[in-house]
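Colleague: Dropping in entry.cif, with mmCIF, C-alpha atoms and all ligand atoms.
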```cif
data_target
#
loop_
_atom_site.label_atom_id
_atom_site.label_comp_id
_atom_site.auth_asym_id
_atom_site.auth_seq_id
_atom_site.Cartn_x
_atom_site.Cartn_y
_atom_site.Cartn_z
CA MET A 790 -46.90 -84.35 53.37
CA LEU A 791 -44.33 -83.95 56.14
CA LYS A 792 -42.97 -80.41 56.53
CA LEU A 793 -39.65 -79.64 58.15
CA HIS A 794 -39.61 -76.19 59.71
CA GLY A 795 -36.32 -74.49 60.46
CA ILE A 796 -33.28 -72.88 58.91
CA LEU A 797 -30.69 -74.40 56.62
CA GLY A 798 -27.78 -73.16 58.78
CA SER A 799 -28.87 -75.11 61.87
CA ASN A 800 -26.95 -78.31 62.49
CA TYR A 801 -29.97 -79.88 64.20
CA TYR A 802 -32.03 -79.00 61.12
CA GLY A 803 -29.30 -80.61 58.98
CA LEU A 804 -29.45 -83.74 61.15
CA THR A 805 -33.21 -84.20 60.78
CA LYS A 806 -33.16 -83.29 57.09
CA ALA A 807 -30.42 -85.86 56.45
CA ALA A 808 -32.53 -88.45 58.34
CA LEU A 809 -35.56 -87.67 56.14
CA LEU A 810 -33.36 -88.04 53.06
CA GLU A 811 -31.86 -91.31 54.32
CA LYS A 812 -35.40 -92.64 54.76
CA GLY A 813 -36.38 -91.57 51.25
CA LEU A 814 -39.43 -89.78 52.67
CA GLU A 815 -41.06 -86.94 50.77
CA PHE A 816 -41.06 -83.69 52.68
CA GLU A 817 -41.32 -79.95 52.22
CA GLU A 818 -38.99 -77.47 53.83
CA VAL A 819 -40.44 -74.41 55.52
CA ASN A 820 -37.97 -71.63 56.19
CA SER A 821 -38.73 -70.61 59.74
CA PRO A 822 -36.15 -69.17 62.16
CA PRO A 823 -36.17 -69.90 65.90
CA SER A 824 -38.84 -67.72 67.49
CA GLN A 825 -40.37 -66.87 70.84
CA GLU A 826 -43.67 -65.84 69.22
CA SER A 827 -46.56 -67.58 70.92
CA ASP A 828 -47.71 -69.13 67.65
CA TYR A 829 -44.35 -70.78 67.11
CA LEU A 830 -44.08 -71.89 70.76
CA GLN A 831 -47.18 -74.02 70.17
CA LYS A 832 -45.15 -75.88 67.55
CA SER A 833 -41.79 -75.98 69.35
CA PRO A 834 -42.17 -74.95 72.99
CA MET A 835 -38.60 -73.67 73.44
CA GLY A 836 -38.84 -71.76 70.18
CA LYS A 837 -36.08 -73.87 68.65
CA VAL A 838 -35.66 -75.42 65.23
CA PRO A 839 -36.25 -77.88 63.75
CA ALA A 840 -39.92 -78.76 64.14
CA LEU A 841 -41.62 -81.40 62.04
CA GLU A 842 -45.20 -80.86 60.92
CA THR A 843 -47.09 -84.13 60.54
CA GLU A 844 -50.72 -84.91 59.78
CA ASP A 845 -51.21 -85.32 63.54
CA GLY A 846 -49.45 -82.15 64.66
CA PHE A 847 -46.00 -80.73 65.33
CA ILE A 848 -42.99 -82.47 66.88
CA SER A 849 -39.97 -80.62 68.24
CA GLU A 850 -36.66 -82.11 69.46
CA SER A 851 -34.55 -83.79 66.81
CA TYR A 852 -34.47 -87.20 68.49
CA ALA A 853 -38.25 -87.27 68.89
CA ILE A 854 -38.53 -86.32 65.22
CA ILE A 855 -36.14 -89.07 64.13
CA ASP A 856 -37.86 -91.62 66.35
CA TYR A 857 -41.15 -90.68 64.63
CA LEU A 858 -39.52 -91.13 61.21
CA GLU A 859 -38.19 -94.50 62.29
CA ARG A 860 -41.73 -95.60 63.21
CA VAL A 861 -43.52 -94.30 60.11
CA GLN A 862 -40.80 -95.51 57.73
CA PRO A 863 -38.94 -98.39 59.41
CA GLU A 864 -36.66 -99.09 56.44
CA PRO A 865 -33.95 -98.23 55.86
CA ALA A 866 -33.48 -98.39 59.62
CA LEU A 867 -31.46 -95.65 61.27
CA LEU A 868 -31.09 -97.67 64.46
CA PRO A 869 -30.03 -101.31 64.79
CA HIS A 870 -32.85 -103.84 65.39
CA ASP A 871 -30.79 -105.68 67.99
CA ALA A 872 -31.70 -104.32 71.43
CA PHE A 873 -28.14 -104.06 72.74
CA LYS A 874 -26.73 -102.49 69.57
CA ARG A 875 -29.63 -100.05 69.47
CA ALA A 876 -28.97 -99.02 73.07
CA LYS A 877 -25.24 -98.59 72.36
CA SER A 878 -26.05 -96.46 69.35
CA LEU A 879 -28.36 -94.24 71.42
CA GLU A 880 -25.82 -94.15 74.25
CA LEU A 881 -23.20 -92.73 71.91
CA SER A 882 -25.70 -90.27 70.41
CA ARG A 883 -26.51 -89.00 73.91
CA HIS A 884 -22.82 -88.53 74.75
CA LEU A 885 -22.28 -86.71 71.48
CA GLU A 886 -25.10 -84.31 72.25
CA LEU A 887 -24.67 -83.86 75.99
CA ASP A 888 -20.89 -84.01 76.32
CA VAL A 889 -19.69 -82.53 73.03
CA GLU A 890 -22.42 -80.50 71.29
CA LEU A 891 -23.93 -78.82 74.33
CA VAL A 892 -20.53 -78.25 75.95
CA ALA A 893 -19.18 -76.55 72.81
CA ARG A 894 -22.38 -74.50 72.53
CA ARG A 895 -21.50 -72.73 75.81
CA CYS A 896 -19.10 -70.73 73.64
CA LEU A 897 -21.24 -70.50 70.49
CA PHE A 898 -22.05 -66.82 70.88
CA ALA A 899 -18.50 -65.89 71.81
CA ALA A 900 -17.15 -67.83 68.83
CA PHE A 901 -19.44 -66.54 66.09
CA TYR A 902 -21.83 -63.82 67.23
CA GLY A 903 -19.70 -61.28 69.05
CA GLY A 904 -20.64 -62.53 72.52
CA LYS A 905 -18.26 -62.74 75.46
CA ALA A 906 -17.07 -65.81 77.37
CA SER A 907 -15.25 -65.40 80.69
CA ASP A 908 -11.84 -67.03 81.19
CA GLU A 909 -13.56 -69.45 83.55
CA THR A 910 -16.14 -70.43 80.91
CA ARG A 911 -13.43 -70.85 78.28
CA LYS A 912 -11.27 -73.02 80.53
CA ARG A 913 -14.15 -75.20 81.67
CA THR A 914 -15.50 -75.55 78.15
CA GLN A 915 -12.15 -76.64 76.71
CA LYS A 916 -11.58 -79.10 79.56
CA ASP A 917 -15.09 -80.58 79.36
CA LEU A 918 -14.91 -80.77 75.57
CA VAL A 919 -11.68 -82.75 75.65
CA LYS A 920 -13.27 -85.08 78.22
CA GLY A 921 -16.43 -85.48 76.09
CA VAL A 922 -14.49 -86.24 72.91
CA LYS A 923 -12.41 -88.80 74.79
CA ALA A 924 -15.60 -90.49 76.06
CA VAL A 925 -16.96 -90.60 72.52
CA GLY A 926 -13.66 -92.13 71.34
CA ILE A 927 -14.02 -94.92 73.90
CA LEU A 928 -17.44 -95.91 72.53
CA THR A 929 -16.53 -95.52 68.88
CA LYS A 930 -15.70 -98.40 66.53
CA CYS A 931 -15.26 -96.86 63.04
CA GLU A 932 -15.57 -100.20 61.22
CA PRO A 933 -16.21 -98.28 59.03
CA PHE A 934 -19.22 -96.51 60.63
CA ILE A 935 -19.20 -95.13 64.11
CA MET A 936 -21.00 -98.14 65.63
CA GLY A 937 -19.44 -100.77 63.37
CA SER A 938 -20.57 -102.15 60.03
CA GLU A 939 -24.01 -100.50 59.90
CA PHE A 940 -24.73 -96.86 59.13
CA THR A 941 -26.88 -95.44 61.94
CA LEU A 942 -28.40 -92.27 63.26
CA THR A 943 -25.26 -91.97 65.38
CA ASP A 944 -23.17 -91.34 62.27
CA LEU A 945 -25.43 -88.42 61.44
CA THR A 946 -25.27 -87.18 65.02
CA ALA A 947 -21.48 -87.41 65.00
CA TYR A 948 -21.23 -85.60 61.68
CA TYR A 949 -23.37 -82.65 62.71
CA THR A 950 -21.96 -82.52 66.24
CA PHE A 951 -18.30 -82.52 65.26
CA GLY A 952 -19.00 -80.01 62.50
CA LEU A 953 -20.24 -77.33 64.88
CA ALA A 954 -18.20 -78.30 67.96
CA GLY A 955 -15.06 -78.51 65.83
CA ASP A 956 -15.62 -75.01 64.43
CA ILE A 957 -16.23 -73.58 67.91
CA ALA A 958 -13.14 -75.30 69.36
CA LYS A 959 -10.96 -74.10 66.50
CA LYS A 960 -12.16 -70.51 66.88
CA MET A 961 -12.08 -70.36 70.68
CA PHE A 962 -9.10 -72.54 71.60
CA ASP A 963 -7.28 -73.05 68.32
CA ILE A 964 -7.49 -76.81 68.73
CA ASP A 965 -8.67 -79.62 66.48
CA ILE A 966 -10.93 -81.65 68.78
CA LEU A 967 -10.39 -84.76 66.65
CA ASP A 968 -6.60 -84.61 66.71
CA GLU A 969 -6.46 -87.62 69.02
CA GLN A 970 -9.26 -89.42 67.20
CA PRO A 971 -7.86 -89.92 63.67
CA GLU A 972 -10.37 -92.71 62.91
CA ILE A 973 -13.30 -90.43 63.65
CA LYS A 974 -11.67 -87.75 61.52
CA ASP A 975 -11.48 -90.20 58.59
CA LEU A 976 -15.09 -91.19 59.19
CA MET A 977 -16.14 -87.53 59.02
CA SER A 978 -14.48 -87.24 55.59
CA MET A 979 -16.23 -90.41 54.43
CA LEU A 980 -19.61 -89.19 55.70
CA ALA A 981 -19.15 -85.84 53.95
CA ASN A 982 -19.49 -87.82 50.70
CA ARG A 983 -22.74 -89.50 51.66
CA GLU A 984 -25.66 -88.44 49.44
CA SER A 985 -27.92 -87.18 52.25
CA ILE A 986 -25.14 -85.13 53.83
CA LYS A 987 -23.97 -83.78 50.46
CA ARG A 988 -27.52 -82.64 49.68
CA VAL A 989 -27.85 -80.88 53.05
CA ALA A 990 -24.51 -79.13 52.46
CA ALA A 991 -25.37 -78.19 48.87
CA ASP A 992 -28.69 -76.66 49.94
CA GLN A 993 -26.90 -74.73 52.71
CA ALA A 994 -24.40 -73.37 50.22
CA ASN A 995 -27.09 -72.12 47.79
N1 LIG P 1 -32.60 -80.09 71.56
C1 LIG P 1 -33.00 -79.44 70.34
C2 LIG P 1 -31.95 -78.39 70.01
C3 LIG P 1 -32.31 -77.58 68.79
C4 LIG P 1 -31.50 -76.28 68.75
O1 LIG P 1 -30.72 -75.96 69.67
N2 LIG P 1 -31.69 -75.54 67.68
C5 LIG P 1 -31.05 -74.25 67.57
C6 LIG P 1 -30.60 -74.02 66.15
S1 LIG P 1 -29.26 -75.10 65.72
C7 LIG P 1 -32.07 -73.18 67.92
O2 LIG P 1 -33.20 -73.26 67.52
N3 LIG P 1 -31.63 -72.18 68.68
C8 LIG P 1 -32.45 -71.08 69.05
C9 LIG P 1 -32.62 -70.94 70.53
O3 LIG P 1 -31.88 -71.60 71.29
O4 LIG P 1 -33.47 -70.15 70.93
C10 LIG P 1 -33.16 -80.49 69.22
O5 LIG P 1 -32.65 -81.60 69.40
O6 LIG P 1 -33.81 -80.24 68.21
#
```
Let me see the file written as structure tokens.

Modeller:
Amino acid sequence: MLKLHGILGSNYYGLTKAALLEKGLEFEEVNSPPSQESDYLQKSPMGKVPALETEDGFISESYAIIDYLERVQPEPALLPHDAFKRAKSLELSRHLELDVELVARRCLFAAFYGGKASDETRKRTQKDLVKGVKAVGILTKCEPFIMGSEFTLTDLTAYYTFGLAGDIAKKMFDIDILDEQPEIKDLMSMLANRESIKRVAADQAN
């Protein structure tokens, strides 16, 4: 059986766990924090979580994990079958990760773990975050899902990205990054009621 290694508090873990739930795949969860131990680096070479254990070996990187799930369990599909729509869905997922998630993460330690961020880092992070969210808004449809009528991986990416990035932005800059994107804000509330996402949240809360 598939085994998802990681920690409940990780948003990337939440993303891959929600994808497994969406697919209806059976899996076990293995509580395993990020680690630089050589054993763990063989499973996830940057020592990050999540990592998926399969009968053929370990896979790290959430998008590689989800791509694997998509191949072993094609339905329900998490990406559109149409080539253009699939590319647009991946395009938006990439912007969410590169231009929102990873930008906000520059201030993760300052926001929640007692780290320090210079004025320069703060300023650049806020500016880049606003730019990233605007870019995401340009690609977003919200009809009702982020890419239109079909639920996709990109909805999950958006949910887990805006969760963490929103918390960091609130703490560091006292801003709501979705203030100018009311449709995405409504979508986030709708997604919070989706079974897979509710289960991830409930397990986190326990
Ligand atoms: N690109 C990775 C990112 C995973 C990631 O950043 N995980 C965090 C937890 S949310 C982690 O393991 N951090 C520990 C570290 O950076 O050493 C993925 O898509 O899975």

Colleague: How would you report the residues lying within 12 Å of ligand LIG 1 (chain P), as a ChimeraX atom specification, if you count only C-alpha atoms and all ligand atoms?

Modeller: /A:793-806,821-826,829-830,833-841,848-856,882-883,885-887,890-891,893-895,897-898,946,949-950,952-954

Colleague: Could you dump the residues just selected with C-alpha atoms as a compact mmCIF listing (two decimals), keeping the file's coordinate frame?

Modeller:
```
# COMPACT_ATOMS: atom_id res chain seq x y z
CA LEU A 793 -39.65 -79.64 58.15
CA HIS A 794 -39.61 -76.19 59.71
CA GLY A 795 -36.32 -74.49 60.46
CA ILE A 796 -33.28 -72.88 58.91
CA LEU A 797 -30.69 -74.40 56.62
CA GLY A 798 -27.78 -73.16 58.78
CA SER A 799 -28.87 -75.11 61.87
CA ASN A 800 -26.95 -78.31 62.49
CA TYR A 801 -29.97 -79.88 64.20
CA TYR A 802 -32.03 -79.00 61.12
CA GLY A 803 -29.30 -80.61 58.98
CA LEU A 804 -29.45 -83.74 61.15
CA THR A 805 -33.21 -84.20 60.78
CA LYS A 806 -33.16 -83.29 57.09
CA SER A 821 -38.73 -70.61 59.74
CA PRO A 822 -36.15 -69.17 62.16
CA PRO A 823 -36.17 -69.90 65.90
CA SER A 824 -38.84 -67.72 67.49
CA GLN A 825 -40.37 -66.87 70.84
CA GLU A 826 -43.67 -65.84 69.22
CA TYR A 829 -44.35 -70.78 67.11
CA LEU A 830 -44.08 -71.89 70.76
CA SER A 833 -41.79 -75.98 69.35
CA PRO A 834 -42.17 -74.95 72.99
CA MET A 835 -38.60 -73.67 73.44
CA GLY A 836 -38.84 -71.76 70.18
CA LYS A 837 -36.08 -73.87 68.65
CA VAL A 838 -35.66 -75.42 65.23
CA PRO A 839 -36.25 -77.88 63.75
CA ALA A 840 -39.92 -78.76 64.14
CA LEU A 841 -41.62 -81.40 62.04
CA ILE A 848 -42.99 -82.47 66.88
CA SER A 849 -39.97 -80.62 68.24
CA GLU A 850 -36.66 -82.11 69.46
CA SER A 851 -34.55 -83.79 66.81
CA TYR A 852 -34.47 -87.20 68.49
CA ALA A 853 -38.25 -87.27 68.89
CA ILE A 854 -38.53 -86.32 65.22
CA ILE A 855 -36.14 -89.07 64.13
CA ASP A 856 -37.86 -91.62 66.35
CA SER A 882 -25.70 -90.27 70.41
CA ARG A 883 -26.51 -89.00 73.91
CA LEU A 885 -22.28 -86.71 71.48
CA GLU A 886 -25.10 -84.31 72.25
CA LEU A 887 -24.67 -83.86 75.99
CA GLU A 890 -22.42 -80.50 71.29
CA LEU A 891 -23.93 -78.82 74.33
CA ALA A 893 -19.18 -76.55 72.81
CA ARG A 894 -22.38 -74.50 72.53
CA ARG A 895 -21.50 -72.73 75.81
CA LEU A 897 -21.24 -70.50 70.49
CA PHE A 898 -22.05 -66.82 70.88
CA THR A 946 -25.27 -87.18 65.02
CA TYR A 949 -23.37 -82.65 62.71
CA THR A 950 -21.96 -82.52 66.24
CA GLY A 952 -19.00 -80.01 62.50
CA LEU A 953 -20.24 -77.33 64.88
CA ALA A 954 -18.20 -78.30 67.96
```

Colleague: Near stretch 982-992 of chain A, within 7 Å and counting all atoms listed in the file, which residues show up once chain neighbours fewer than 5 positions away are dropped, as an mmCIF file with C-alpha atoms, in the coordinates of the input?

Modeller:
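File produced: around01.cif:
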```
data_model
loop_
_atom_site.group_PDB
_atom_site.id
_atom_site.type_symbol
_atom_site.label_atom_id
_atom_site.label_comp_id
_atom_site.auth_asym_id
_atom_site.auth_seq_id
_atom_site.Cartn_x
_atom_site.Cartn_y
_atom_site.Cartn_z
ATOM 1 C CA GLY A 803 -29.300 -80.610 58.980
ATOM 2 C CA ALA A 807 -30.420 -85.860 56.450
ATOM 3 C CA LEU A 810 -33.360 -88.040 53.060
ATOM 4 C CA GLU A 811 -31.860 -91.310 54.320
#
```

Colleague: For atom CA of A:Met936 and atom CA of A:Glu972, quote the distance in Å rounded to one decimal.

Modeller: 12.2 Å

Colleague: Using all atoms listed in the file, can you tell me which of A:Asp871, A:Glu939, A:Glu864, A:Glu932 comes closest to A:Lys812?

Modeller: A:Glu864

Colleague: Report as a PyMOL selection string all protein, DNA and RNA residues lying within 8 Å of A:Thr843, evaluated on all atoms listed in the file, omitting residues in the same chain fewer than 5 positions from it.

Modeller: chain A and resi 790-792+848

Colleague: What would the file look like if the residues just selected were written as a PDB file, in the coordinates of the input with C-alpha atoms?

Modeller:
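Okay, part.pdb is ready:
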```pdb
ATOM      1  CA  MET A 790     -46.900 -84.350  53.370  1.00  0.00           C
ATOM      2  CA  LEU A 791     -44.330 -83.950  56.140  1.00  0.00           C
ATOM      3  CA  LYS A 792     -42.970 -80.410  56.530  1.00  0.00           C
ATOM      4  CA  ILE A 848     -42.990 -82.470  66.880  1.00  0.00           C
TER       5      ILE A 848
END
```

Colleague: For A:Thr929, find every residue with an atom within 12 Å (counting only C-alpha atoms), except residues of its own chain fewer than 2 positions away, and show them as a ChimeraX atom specification.

Modeller: /A:877-878,880-882,884-885,922-927,931-938,943-944,947,970-974,976

Colleague: Hey, which of A:Leu918, A:Ala808, A:Ala958, A:Met979 ends up closest to A:Ala866? Count all atoms listed in the file.

Modeller: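 Among A:Leu918, A:Ala808, A:Ala958, A:Met979, it is A:Ala808 that comes nearest to A:Ala866.
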
Colleague: Just give me the gap between atom CA of A:Arg913 and atom CA of A:Met977 in Å, one decimal is fine.

Modeller: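 Atom-to-atom, atom CA of A:Arg913 to atom CA of A:Met977, that is 25.9 Å.
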
Colleague: What's the separation between atom CA of A:Ala906 and atom CA of A:Phe962, in Å to one decimal place?

Modeller: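 We find that atom CA of A:Ala906 and atom CA of A:Phe962 lie 11.9 Å from each other.
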
Colleague: Could you model N, CA and C atoms for stretch 802-837 of chain A and present them as a PDB file, in the coordinates of the input?

Modeller:
```pdb
ATOM      1  N   TYR A 802     -31.177 -78.935  62.317  1.00  0.00           N
ATOM      2  CA  TYR A 802     -32.030 -79.000  61.120  1.00  0.00           C
ATOM      3  C   TYR A 802     -31.365 -79.926  60.092  1.00  0.00           C
ATOM      4  N   GLY A 803     -30.042 -79.761  59.918  1.00  0.00           N
ATOM      5  CA  GLY A 803     -29.300 -80.610  58.980  1.00  0.00           C
ATOM      6  C   GLY A 803     -29.426 -82.085  59.362  1.00  0.00           C
ATOM      7  N   LEU A 804     -29.341 -82.363  60.656  1.00  0.00           N
ATOM      8  CA  LEU A 804     -29.450 -83.740  61.150  1.00  0.00           C
ATOM      9  C   LEU A 804     -30.807 -84.356  60.783  1.00  0.00           C
ATOM     10  N   THR A 805     -31.876 -83.628  61.054  1.00  0.00           N
ATOM     11  CA  THR A 805     -33.210 -84.200  60.780  1.00  0.00           C
ATOM     12  C   THR A 805     -33.491 -84.255  59.280  1.00  0.00           C
ATOM     13  N   LYS A 806     -32.972 -83.264  58.553  1.00  0.00           N
ATOM     14  CA  LYS A 806     -33.160 -83.290  57.090  1.00  0.00           C
ATOM     15  C   LYS A 806     -32.405 -84.479  56.487  1.00  0.00           C
ATOM     16  N   ALA A 807     -31.183 -84.716  56.954  1.00  0.00           N
ATOM     17  CA  ALA A 807     -30.420 -85.860  56.450  1.00  0.00           C
ATOM     18  C   ALA A 807     -31.156 -87.164  56.787  1.00  0.00           C
ATOM     19  N   ALA A 808     -31.781 -87.232  57.969  1.00  0.00           N
ATOM     20  CA  ALA A 808     -32.530 -88.450  58.340  1.00  0.00           C
ATOM     21  C   ALA A 808     -33.722 -88.646  57.402  1.00  0.00           C
ATOM     22  N   LEU A 809     -34.440 -87.568  57.082  1.00  0.00           N
ATOM     23  CA  LEU A 809     -35.560 -87.670  56.140  1.00  0.00           C
ATOM     24  C   LEU A 809     -35.066 -88.157  54.779  1.00  0.00           C
ATOM     25  N   LEU A 810     -33.918 -87.636  54.355  1.00  0.00           N
ATOM     26  CA  LEU A 810     -33.360 -88.040  53.060  1.00  0.00           C
ATOM     27  C   LEU A 810     -32.918 -89.501  53.095  1.00  0.00           C
ATOM     28  N   GLU A 811     -32.290 -89.905  54.190  1.00  0.00           N
ATOM     29  CA  GLU A 811     -31.860 -91.310  54.320  1.00  0.00           C
ATOM     30  C   GLU A 811     -33.059 -92.239  54.217  1.00  0.00           C
ATOM     31  N   LYS A 812     -34.189 -91.812  54.775  1.00  0.00           N
ATOM     32  CA  LYS A 812     -35.400 -92.640  54.760  1.00  0.00           C
ATOM     33  C   LYS A 812     -36.093 -92.632  53.412  1.00  0.00           C
ATOM     34  N   GLY A 813     -35.712 -91.685  52.546  1.00  0.00           N
ATOM     35  CA  GLY A 813     -36.380 -91.570  51.250  1.00  0.00           C
ATOM     36  C   GLY A 813     -37.801 -91.040  51.384  1.00  0.00           C
ATOM     37  N   LEU A 814     -38.074 -90.323  52.466  1.00  0.00           N
ATOM     38  CA  LEU A 814     -39.430 -89.780  52.670  1.00  0.00           C
ATOM     39  C   LEU A 814     -39.585 -88.469  51.906  1.00  0.00           C
ATOM     40  N   GLU A 815     -40.797 -88.242  51.420  1.00  0.00           N
ATOM     41  CA  GLU A 815     -41.060 -86.940  50.770  1.00  0.00           C
ATOM     42  C   GLU A 815     -41.332 -85.924  51.857  1.00  0.00           C
ATOM     43  N   PHE A 816     -40.787 -84.743  51.692  1.00  0.00           N
ATOM     44  CA  PHE A 816     -41.060 -83.690  52.680  1.00  0.00           C
ATOM     45  C   PHE A 816     -40.867 -82.326  52.021  1.00  0.00           C
ATOM     46  N   GLU A 817     -41.521 -81.340  52.652  1.00  0.00           N
ATOM     47  CA  GLU A 817     -41.320 -79.950  52.220  1.00  0.00           C
ATOM     48  C   GLU A 817     -40.495 -79.270  53.276  1.00  0.00           C
ATOM     49  N   GLU A 818     -39.753 -78.259  52.850  1.00  0.00           N
ATOM     50  CA  GLU A 818     -38.990 -77.470  53.830  1.00  0.00           C
ATOM     51  C   GLU A 818     -39.656 -76.112  53.988  1.00  0.00           C
ATOM     52  N   VAL A 819     -39.825 -75.712  55.235  1.00  0.00           N
ATOM     53  CA  VAL A 819     -40.440 -74.410  55.520  1.00  0.00           C
ATOM     54  C   VAL A 819     -39.400 -73.559  56.246  1.00  0.00           C
ATOM     55  N   ASN A 820     -38.977 -72.486  55.588  1.00  0.00           N
ATOM     56  CA  ASN A 820     -37.970 -71.630  56.190  1.00  0.00           C
ATOM     57  C   ASN A 820     -38.581 -70.871  57.363  1.00  0.00           C
ATOM     58  N   SER A 821     -38.108 -71.184  58.555  1.00  0.00           N
ATOM     59  CA  SER A 821     -38.730 -70.610  59.740  1.00  0.00           C
ATOM     60  C   SER A 821     -37.677 -70.532  60.841  1.00  0.00           C
ATOM     61  N   PRO A 822     -37.216 -69.306  61.160  1.00  0.00           N
ATOM     62  CA  PRO A 822     -36.150 -69.170  62.160  1.00  0.00           C
ATOM     63  C   PRO A 822     -36.656 -69.484  63.566  1.00  0.00           C
ATOM     64  N   PRO A 823     -35.744 -69.741  64.505  1.00  0.00           N
ATOM     65  CA  PRO A 823     -36.170 -69.900  65.900  1.00  0.00           C
ATOM     66  C   PRO A 823     -36.976 -68.662  66.302  1.00  0.00           C
ATOM     67  N   SER A 824     -37.974 -68.859  67.147  1.00  0.00           N
ATOM     68  CA  SER A 824     -38.840 -67.720  67.490  1.00  0.00           C
ATOM     69  C   SER A 824     -39.481 -67.930  68.849  1.00  0.00           C
ATOM     70  N   GLN A 825     -39.665 -66.812  69.558  1.00  0.00           N
ATOM     71  CA  GLN A 825     -40.370 -66.870  70.840  1.00  0.00           C
ATOM     72  C   GLN A 825     -41.814 -66.397  70.689  1.00  0.00           C
ATOM     73  N   GLU A 826     -42.264 -66.234  69.449  1.00  0.00           N
ATOM     74  CA  GLU A 826     -43.670 -65.840  69.220  1.00  0.00           C
ATOM     75  C   GLU A 826     -44.575 -66.966  69.711  1.00  0.00           C
ATOM     76  N   SER A 827     -45.709 -66.554  70.301  1.00  0.00           N
ATOM     77  CA  SER A 827     -46.560 -67.580  70.920  1.00  0.00           C
ATOM     78  C   SER A 827     -47.063 -68.615  69.907  1.00  0.00           C
ATOM     79  N   ASP A 828     -47.277 -68.182  68.691  1.00  0.00           N
ATOM     80  CA  ASP A 828     -47.710 -69.130  67.650  1.00  0.00           C
ATOM     81  C   ASP A 828     -46.675 -70.243  67.462  1.00  0.00           C
ATOM     82  N   TYR A 829     -45.401 -69.795  67.357  1.00  0.00           N
ATOM     83  CA  TYR A 829     -44.350 -70.780  67.110  1.00  0.00           C
ATOM     84  C   TYR A 829     -44.119 -71.666  68.338  1.00  0.00           C
ATOM     85  N   LEU A 830     -44.297 -71.086  69.543  1.00  0.00           N
ATOM     86  CA  LEU A 830     -44.080 -71.890  70.760  1.00  0.00           C
ATOM     87  C   LEU A 830     -45.085 -73.047  70.862  1.00  0.00           C
ATOM     88  N   GLN A 831     -46.226 -72.905  70.201  1.00  0.00           N
ATOM     89  CA  GLN A 831     -47.180 -74.020  70.170  1.00  0.00           C
ATOM     90  C   GLN A 831     -46.637 -75.175  69.339  1.00  0.00           C
ATOM     91  N   LYS A 832     -45.715 -74.842  68.425  1.00  0.00           N
ATOM     92  CA  LYS A 832     -45.150 -75.880  67.550  1.00  0.00           C
ATOM     93  C   LYS A 832     -43.873 -76.455  68.158  1.00  0.00           C
ATOM     94  N   SER A 833     -43.082 -75.586  68.774  1.00  0.00           N
ATOM     95  CA  SER A 833     -41.790 -75.980  69.350  1.00  0.00           C
ATOM     96  C   SER A 833     -41.641 -75.173  70.639  1.00  0.00           C
ATOM     97  N   PRO A 834     -41.953 -75.750  71.778  1.00  0.00           N
ATOM     98  CA  PRO A 834     -42.170 -74.950  72.990  1.00  0.00           C
ATOM     99  C   PRO A 834     -40.967 -74.170  73.514  1.00  0.00           C
ATOM    100  N   MET A 835     -39.744 -74.494  73.076  1.00  0.00           N
ATOM    101  CA  MET A 835     -38.600 -73.670  73.440  1.00  0.00           C
ATOM    102  C   MET A 835     -38.268 -72.669  72.333  1.00  0.00           C
ATOM    103  N   GLY A 836     -39.060 -72.687  71.295  1.00  0.00           N
ATOM    104  CA  GLY A 836     -38.840 -71.760  70.180  1.00  0.00           C
ATOM    105  C   GLY A 836     -37.693 -72.163  69.279  1.00  0.00           C
ATOM    106  N   LYS A 837     -37.253 -73.424  69.414  1.00  0.00           N
ATOM    107  CA  LYS A 837     -36.080 -73.870  68.650  1.00  0.00           C
ATOM    108  C   LYS A 837     -36.487 -74.524  67.331  1.00  0.00           C
TER     109      LYS A 837
END
```
